[in-house]
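Student: Got protein-v1.tsv for you, TSV, C-alpha atoms:
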```
chain	number	residue	atom	x	y	z
X	140	MET	CA	0.00	0.00	0.00
X	141	PRO	CA	1.26	3.52	-0.75
X	142	ASP	CA	2.44	5.44	2.31
X	143	LEU	CA	0.61	8.76	2.42
X	144	SER	CA	1.56	9.61	6.00
X	145	GLY	CA	1.93	13.34	6.51
X	146	LYS	CA	0.10	14.19	3.30
X	147	VAL	CA	-3.07	16.30	3.18
X	148	ALA	CA	-5.81	15.58	0.65
X	149	ILE	CA	-9.06	17.10	-0.58
X	150	VAL	CA	-11.60	14.73	-2.16
X	151	THR	CA	-14.68	16.15	-3.87
X	152	GLY	CA	-17.89	14.22	-4.35
X	153	CYS	CA	-17.11	12.23	-1.22
X	154	ALA	CA	-20.66	11.26	-0.29
X	155	SER	CA	-20.78	8.01	-2.26
X	156	GLY	CA	-19.23	5.86	-4.96
X	157	ILE	CA	-15.66	6.54	-6.04
X	158	GLY	CA	-15.37	9.66	-3.86
X	159	ALA	CA	-16.35	7.81	-0.69
X	160	ALA	CA	-13.99	4.96	-1.59
X	161	ALA	CA	-11.18	7.46	-2.18
X	162	VAL	CA	-11.68	9.02	1.26
X	163	ARG	CA	-11.57	5.57	2.86
X	164	ARG	CA	-8.46	4.51	0.93
X	165	LEU	CA	-6.48	7.73	1.43
X	166	ARG	CA	-7.25	7.66	5.15
X	167	ALA	CA	-6.21	4.00	5.35
X	168	ASP	CA	-2.93	4.92	3.66
X	169	GLY	CA	-2.24	7.61	6.26
X	170	ALA	CA	-3.38	10.86	4.65
X	171	ASP	CA	-5.36	13.57	6.40
X	172	VAL	CA	-8.46	14.18	4.30
X	173	LEU	CA	-11.00	16.94	3.79
X	174	GLY	CA	-14.01	15.47	1.99
X	175	THR	CA	-16.52	17.71	0.25
X	176	ASP	CA	-19.94	17.23	-1.31
X	177	ILE	CA	-23.28	18.99	-1.81
X	178	ASN	CA	-24.92	16.03	-0.04
X	179	ALA	CA	-24.05	17.05	3.51
X	180	ASP	CA	-25.71	14.10	5.25
X	181	TRP	CA	-23.99	11.35	3.28
X	182	GLY	CA	-20.70	13.22	2.98
X	183	ALA	CA	-20.48	13.95	6.70
X	184	SER	CA	-21.28	10.30	7.44
X	185	VAL	CA	-18.44	9.01	5.24
X	186	CYS	CA	-16.00	11.47	6.79
X	187	ALA	CA	-17.07	10.68	10.36
X	188	GLU	CA	-16.63	6.97	9.67
X	189	THR	CA	-13.05	7.46	8.47
X	190	GLY	CA	-11.84	10.28	10.69
X	191	ALA	CA	-11.80	12.75	7.79
X	192	ILE	CA	-13.16	16.29	7.99
X	193	PHE	CA	-16.24	17.22	5.94
X	194	ALA	CA	-17.19	20.49	4.28
X	195	SER	CA	-20.30	21.24	2.25
X	196	HIS	CA	-19.12	22.35	-1.18
X	197	ASP	CA	-20.55	23.05	-4.62
X	198	VAL	CA	-17.61	22.56	-7.00
X	199	SER	CA	-19.20	24.82	-9.62
X	200	ASP	CA	-18.92	27.77	-7.21
X	201	PHE	CA	-15.53	29.27	-8.07
X	202	ALA	CA	-15.34	31.44	-4.94
X	203	ALA	CA	-16.02	28.43	-2.73
X	204	TRP	CA	-12.92	26.68	-4.01
X	205	ASN	CA	-10.57	29.15	-2.38
X	206	LYS	CA	-12.40	28.70	0.92
X	207	ILE	CA	-12.16	24.90	0.74
X	208	VAL	CA	-8.45	24.93	-0.01
X	209	LEU	CA	-7.87	27.53	2.71
X	210	GLN	CA	-9.73	25.34	5.20
X	211	ALA	CA	-7.39	22.43	4.53
X	212	VAL	CA	-4.27	24.59	4.67
X	213	GLU	CA	-5.33	26.35	7.87
X	214	HIS	CA	-6.13	23.02	9.54
X	215	TRP	CA	-3.07	21.01	8.49
X	216	GLY	CA	-0.61	23.59	7.18
X	217	ARG	CA	-0.35	22.28	3.62
X	218	LEU	CA	-2.08	20.63	0.65
X	219	ASP	CA	-0.53	17.63	-1.12
X	220	ILE	CA	-3.38	15.87	-2.94
X	221	LEU	CA	-6.52	16.96	-4.75
X	222	VAL	CA	-8.97	14.38	-6.07
X	223	ASN	CA	-11.35	16.13	-8.46
X	224	ASN	CA	-14.06	13.48	-8.35
X	225	ALA	CA	-17.37	15.36	-8.21
X	226	GLY	CA	-19.38	14.92	-11.39
X	227	THR	CA	-22.83	14.38	-12.80
X	228	VAL	CA	-24.66	13.02	-15.84
X	229	SER	CA	-27.61	14.19	-17.92
X	230	GLY	CA	-28.70	11.13	-19.88
X	231	LEU	CA	-29.60	13.34	-22.86
X	232	SER	CA	-28.57	12.85	-26.49
X	233	ILE	CA	-27.58	15.64	-28.87
X	234	GLU	CA	-31.22	15.96	-29.97
X	235	ASP	CA	-32.60	16.09	-26.44
X	236	VAL	CA	-30.03	18.05	-24.48
X	237	THR	CA	-31.18	21.47	-23.26
X	238	ASP	CA	-29.08	24.56	-22.74
X	239	GLU	CA	-29.67	24.26	-18.98
X	240	ALA	CA	-28.63	20.59	-18.86
X	241	TRP	CA	-25.50	21.31	-20.92
X	242	ASP	CA	-24.46	24.21	-18.70
X	243	ARG	CA	-25.04	22.21	-15.52
X	244	ILE	CA	-22.84	19.33	-16.73
X	245	TYR	CA	-20.06	21.67	-17.78
X	246	ASP	CA	-20.27	23.79	-14.63
X	247	ILE	CA	-19.70	20.70	-12.48
X	248	ASN	CA	-17.63	18.33	-14.58
X	249	ILE	CA	-15.19	20.66	-16.29
X	250	LYS	CA	-15.41	24.17	-14.86
X	251	GLY	CA	-15.42	22.75	-11.33
X	252	THR	CA	-12.42	20.56	-12.15
X	253	MET	CA	-10.55	23.51	-13.63
X	254	ALA	CA	-11.29	25.69	-10.60
X	255	GLY	CA	-10.09	22.92	-8.29
X	256	CYS	CA	-6.82	22.58	-10.19
X	257	ARG	CA	-6.25	26.32	-10.12
X	258	ALA	CA	-6.91	26.69	-6.40
X	259	ALA	CA	-4.89	23.59	-5.51
X	260	ILE	CA	-1.84	24.68	-7.51
X	261	ALA	CA	-1.72	28.01	-5.67
X	262	ALA	CA	-1.72	26.19	-2.32
X	263	MET	CA	0.71	23.46	-3.39
X	264	LYS	CA	3.23	26.03	-4.61
X	265	ALA	CA	3.27	27.47	-1.08
X	266	ASN	CA	3.78	24.16	0.74
X	267	PRO	CA	6.38	24.18	3.55
X	268	GLY	CA	9.56	22.65	2.20
X	269	GLY	CA	8.82	23.68	-1.36
X	270	SER	CA	6.31	23.36	-4.14
X	271	CYS	CA	4.89	19.85	-4.52
X	272	GLY	CA	1.63	17.97	-4.95
X	273	SER	CA	-0.50	15.54	-6.91
X	274	ILE	CA	-3.80	16.34	-8.61
X	275	ILE	CA	-5.97	13.43	-9.74
X	276	ASN	CA	-8.87	14.26	-12.05
X	277	ILE	CA	-11.58	11.66	-12.55
X	278	SER	CA	-12.52	11.34	-16.21
X	279	SER	CA	-14.20	8.29	-17.78
X	280	THR	CA	-13.85	5.73	-20.54
X	281	SER	CA	-16.63	7.81	-22.09
X	282	ALA	CA	-13.90	10.31	-22.97
X	283	LEU	CA	-12.44	7.71	-25.33
X	284	GLY	CA	-15.55	5.92	-26.55
X	285	ALA	CA	-18.65	8.09	-26.42
X	286	LEU	CA	-22.15	7.22	-25.28
X	287	PRO	CA	-24.80	8.33	-27.78
X	288	SER	CA	-27.21	8.84	-24.87
X	289	ASP	CA	-25.24	11.57	-23.06
X	290	VAL	CA	-23.51	14.11	-25.26
X	291	ALA	CA	-22.77	16.60	-22.46
X	292	TYR	CA	-21.28	14.04	-20.07
X	293	CYS	CA	-19.02	12.44	-22.67
X	294	SER	CA	-17.76	15.71	-24.08
X	295	SER	CA	-17.13	17.11	-20.59
X	296	LYS	CA	-15.12	14.04	-19.61
X	297	GLY	CA	-13.13	14.38	-22.83
X	298	ALA	CA	-12.42	17.95	-21.78
X	299	VAL	CA	-11.24	16.76	-18.35
X	300	ARG	CA	-8.81	14.39	-20.07
X	301	VAL	CA	-7.13	17.19	-22.07
X	302	LEU	CA	-7.38	19.72	-19.22
X	303	THR	CA	-5.32	17.29	-17.16
X	304	LYS	CA	-2.58	17.21	-19.78
X	305	SER	CA	-2.49	21.00	-20.02
X	306	VAL	CA	-2.23	21.37	-16.24
X	307	ALA	CA	0.43	18.66	-16.05
X	308	THR	CA	2.67	20.13	-18.73
X	309	HIS	CA	2.28	23.67	-17.41
X	310	CYS	CA	3.32	22.66	-13.89
X	311	ALA	CA	6.22	20.58	-15.19
X	312	LYS	CA	7.56	23.35	-17.41
X	313	GLU	CA	7.28	25.84	-14.54
X	314	GLY	CA	9.24	23.49	-12.26
X	315	TYR	CA	6.50	23.30	-9.63
X	316	ASN	CA	6.89	19.57	-8.82
X	317	ILE	CA	3.08	19.33	-9.02
X	318	ARG	CA	1.81	16.34	-10.97
X	319	CYS	CA	-1.61	16.03	-12.61
X	320	ASN	CA	-3.01	12.72	-13.85
X	321	THR	CA	-6.40	11.34	-14.71
X	322	VAL	CA	-8.16	8.14	-13.72
X	323	MET	CA	-10.62	6.82	-16.30
X	324	PRO	CA	-13.10	4.37	-14.76
X	325	GLY	CA	-15.25	2.08	-16.83
X	326	GLY	CA	-18.49	0.61	-15.52
X	327	THR	CA	-18.42	1.03	-11.75
X	328	ASP	CA	-20.96	-0.09	-9.16
X	329	THR	CA	-21.99	3.34	-7.86
X	330	ASN	CA	-25.23	4.98	-6.75
X	331	ILE	CA	-25.52	6.76	-10.09
X	332	LEU	CA	-25.55	3.44	-11.91
X	333	ALA	CA	-28.02	2.04	-9.39
X	334	GLN	CA	-30.37	4.96	-10.01
X	335	ALA	CA	-30.05	4.46	-13.76
X	336	GLU	CA	-30.85	0.77	-13.27
X	337	ASN	CA	-34.19	1.78	-11.74
X	338	VAL	CA	-35.04	3.61	-14.96
X	339	THR	CA	-33.50	1.01	-17.27
X	340	PRO	CA	-33.77	-2.48	-15.77
X	341	GLY	CA	-30.86	-4.70	-16.77
X	342	LEU	CA	-28.50	-1.77	-17.29
X	343	LYS	CA	-25.95	-3.00	-14.73
X	344	GLU	CA	-25.71	-6.37	-16.44
X	345	ALA	CA	-25.37	-4.72	-19.84
X	346	VAL	CA	-22.60	-2.39	-18.64
X	347	ALA	CA	-20.75	-5.25	-16.95
X	348	ALA	CA	-20.86	-7.21	-20.20
X	349	THR	CA	-18.89	-4.48	-22.00
X	350	ALA	CA	-15.78	-5.36	-19.99
X	351	PRO	CA	-13.81	-8.48	-20.92
X	352	MET	CA	-13.55	-9.20	-17.18
X	353	GLY	CA	-17.33	-9.51	-17.21
X	354	ARG	CA	-18.18	-7.45	-14.16
X	355	LEU	CA	-18.48	-3.94	-12.81
X	356	ALA	CA	-15.62	-2.38	-10.88
X	357	ASP	CA	-15.91	-1.94	-7.15
X	358	PRO	CA	-15.30	1.75	-6.28
X	359	ALA	CA	-12.44	0.59	-4.02
X	360	GLU	CA	-10.59	-0.66	-7.11
X	361	THR	CA	-10.67	2.82	-8.61
X	362	ALA	CA	-9.66	4.27	-5.25
X	363	ALA	CA	-6.54	2.08	-5.32
X	364	ALA	CA	-5.48	3.74	-8.57
X	365	ILE	CA	-6.13	7.15	-7.02
X	366	ALA	CA	-3.97	6.29	-4.01
X	367	PHE	CA	-1.12	5.20	-6.27
X	368	LEU	CA	-1.23	8.43	-8.27
X	369	ALA	CA	-1.36	10.40	-5.01
X	370	SER	CA	1.79	8.74	-3.73
X	371	ASP	CA	5.48	9.35	-4.34
X	372	GLU	CA	5.73	5.90	-5.94
X	373	CYS	CA	4.77	7.41	-9.30
X	374	ALA	CA	6.86	10.59	-9.07
X	375	TYR	CA	7.62	10.50	-12.80
X	376	MET	CA	3.99	10.18	-13.91
X	377	THR	CA	2.23	13.33	-15.00
X	378	GLY	CA	-0.30	13.97	-17.76
X	379	SER	CA	-1.01	10.25	-17.75
X	380	GLU	CA	-4.29	8.36	-18.11
X	381	MET	CA	-4.94	5.37	-15.87
X	382	LEU	CA	-7.75	3.15	-17.14
X	383	VAL	CA	-9.68	1.14	-14.55
X	384	ASP	CA	-12.09	-0.53	-16.93
X	385	GLY	CA	-11.71	-4.30	-16.81
X	386	GLY	CA	-10.20	-4.22	-20.31
X	387	MET	CA	-13.18	-2.44	-21.85
X	388	MET	CA	-11.14	-0.09	-24.03
X	389	SER	CA	-8.65	-2.79	-25.07
X	390	ILE	CA	-10.99	-5.04	-27.03
X	391	HIS	CA	-12.01	-4.66	-30.66
X	392	PRO	CA	-15.73	-3.77	-30.78
X	393	GLY	CA	-16.36	-6.71	-33.12
X	394	PHE	CA	-15.36	-9.29	-30.50
```
As structure tokens, how would this structure be written, given the file I've shared?
Tutor:
Amino acid sequence: MPDLSGKVAIVTGCASGIGAAAVRRLRADGADVLGTDINADWGASVCAETGAIFASHDVSDFAAWNKIVLQAVEHWGRLDILVNNAGTVSGLSIEDVTDEAWDRIYDINIKGTMAGCRAAIAAMKANPGGSCGSIINISSTSALGALPSDVAYCSSKGAVRVLTKSVATHCAKEGYNIRCNTVMPGGTDTNILAQAENVTPGLKEAVAATAPMGRLADPAETAAAIAFLASDECAYMTGSEMLVDGGMMSIHPGF
């Protein structure tokens, strides 16, 4: 297991799914964690269970980002890890998507991710002992192979993928010692998928069948990838994409 002792992390979207699993894993690996979510009840419960601190936070609120980062720095004196996990879906195709639905997806999935990166970099540059840190942005296999049923989600996750590379190369060229990578989950057994299953019975089974491994990922498996990218064990990785998809993107669509 990576040793994250002495490191301070912020995890957005911590109330359930991959975010909750990331809080649990980072805490287990020794990090101090500030978890954030708009769902205060669930988010506070996850944080209380793990010994993390919780803060109510809408990632699309740019001004709120500075307050969240400041809270972590004032409490622990530094910021080493940001997991930009908060995200949402619309379930609307190009013919059905509304202006409001498009804006909501982009406000959360890409503008919120950008604002998190910007605020985190400012704090990480000021870390005691010198500039350092790891930013992990959660994208999706939908950034590589699109879903016809959700044009806003897929395009926003594609934007997260390239945003990550821009942030990574900027920080590297500036000599900040701040890395930025993306994790790209495939079908994962989360509350969002469970809710979709209620609307479309059999969806979980269908999604699981797209992976050669024949099952959905447990959120803890994605959290393990997050913990690795957060650690010093991958100090030479930046701008990278880590697929956690059971081989989904490796197989020819005809097989």
Student: Restricting the calculation to all atoms listed in the file: of X:His214, X:Lys206, X:Lys146, X:Lys296, which residue gets closest to X:Val228?
Tutor: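 Ranking X:His214, X:Lys206, X:Lys146, X:Lys296 by distance to X:Val228, first place goes to X:Lys296.
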Student: Between atom CA of X:Ala311 and atom CA of X:Ala148, measure the distance and give it in Å to one decimal.
Tutor: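 These atoms are spaced 20.5 Å apart.
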Student: Could you check the closest approach to X:Asp371 for each of X:Thr329, X:Thr280, X:Asn316, X:Ser288 and tell me which residue wins, using only C-alpha atoms?
Tutor: X:Asn316
Student: Which residues, written as a PyMOL selection string, have at least one atom at most 10 Å from X:Ser370, with only C-alpha atoms counted and residues fewer than 2 positions away on the same chain left out?
Tutor: chain X and resi 140-144+146+165+168+219-220+272-273+365-368+372-374
Student: With a distance cut-off of 12 Å and only C-alpha atoms, select the neighbouring residues of X:Gly269, excluding the residue or stretch itself and same-chain residues fewer than 3 positions from it, and output the selection as a PyMOL selection string.
Tutor: chain X and resi 217-219+262-266+272+314-317
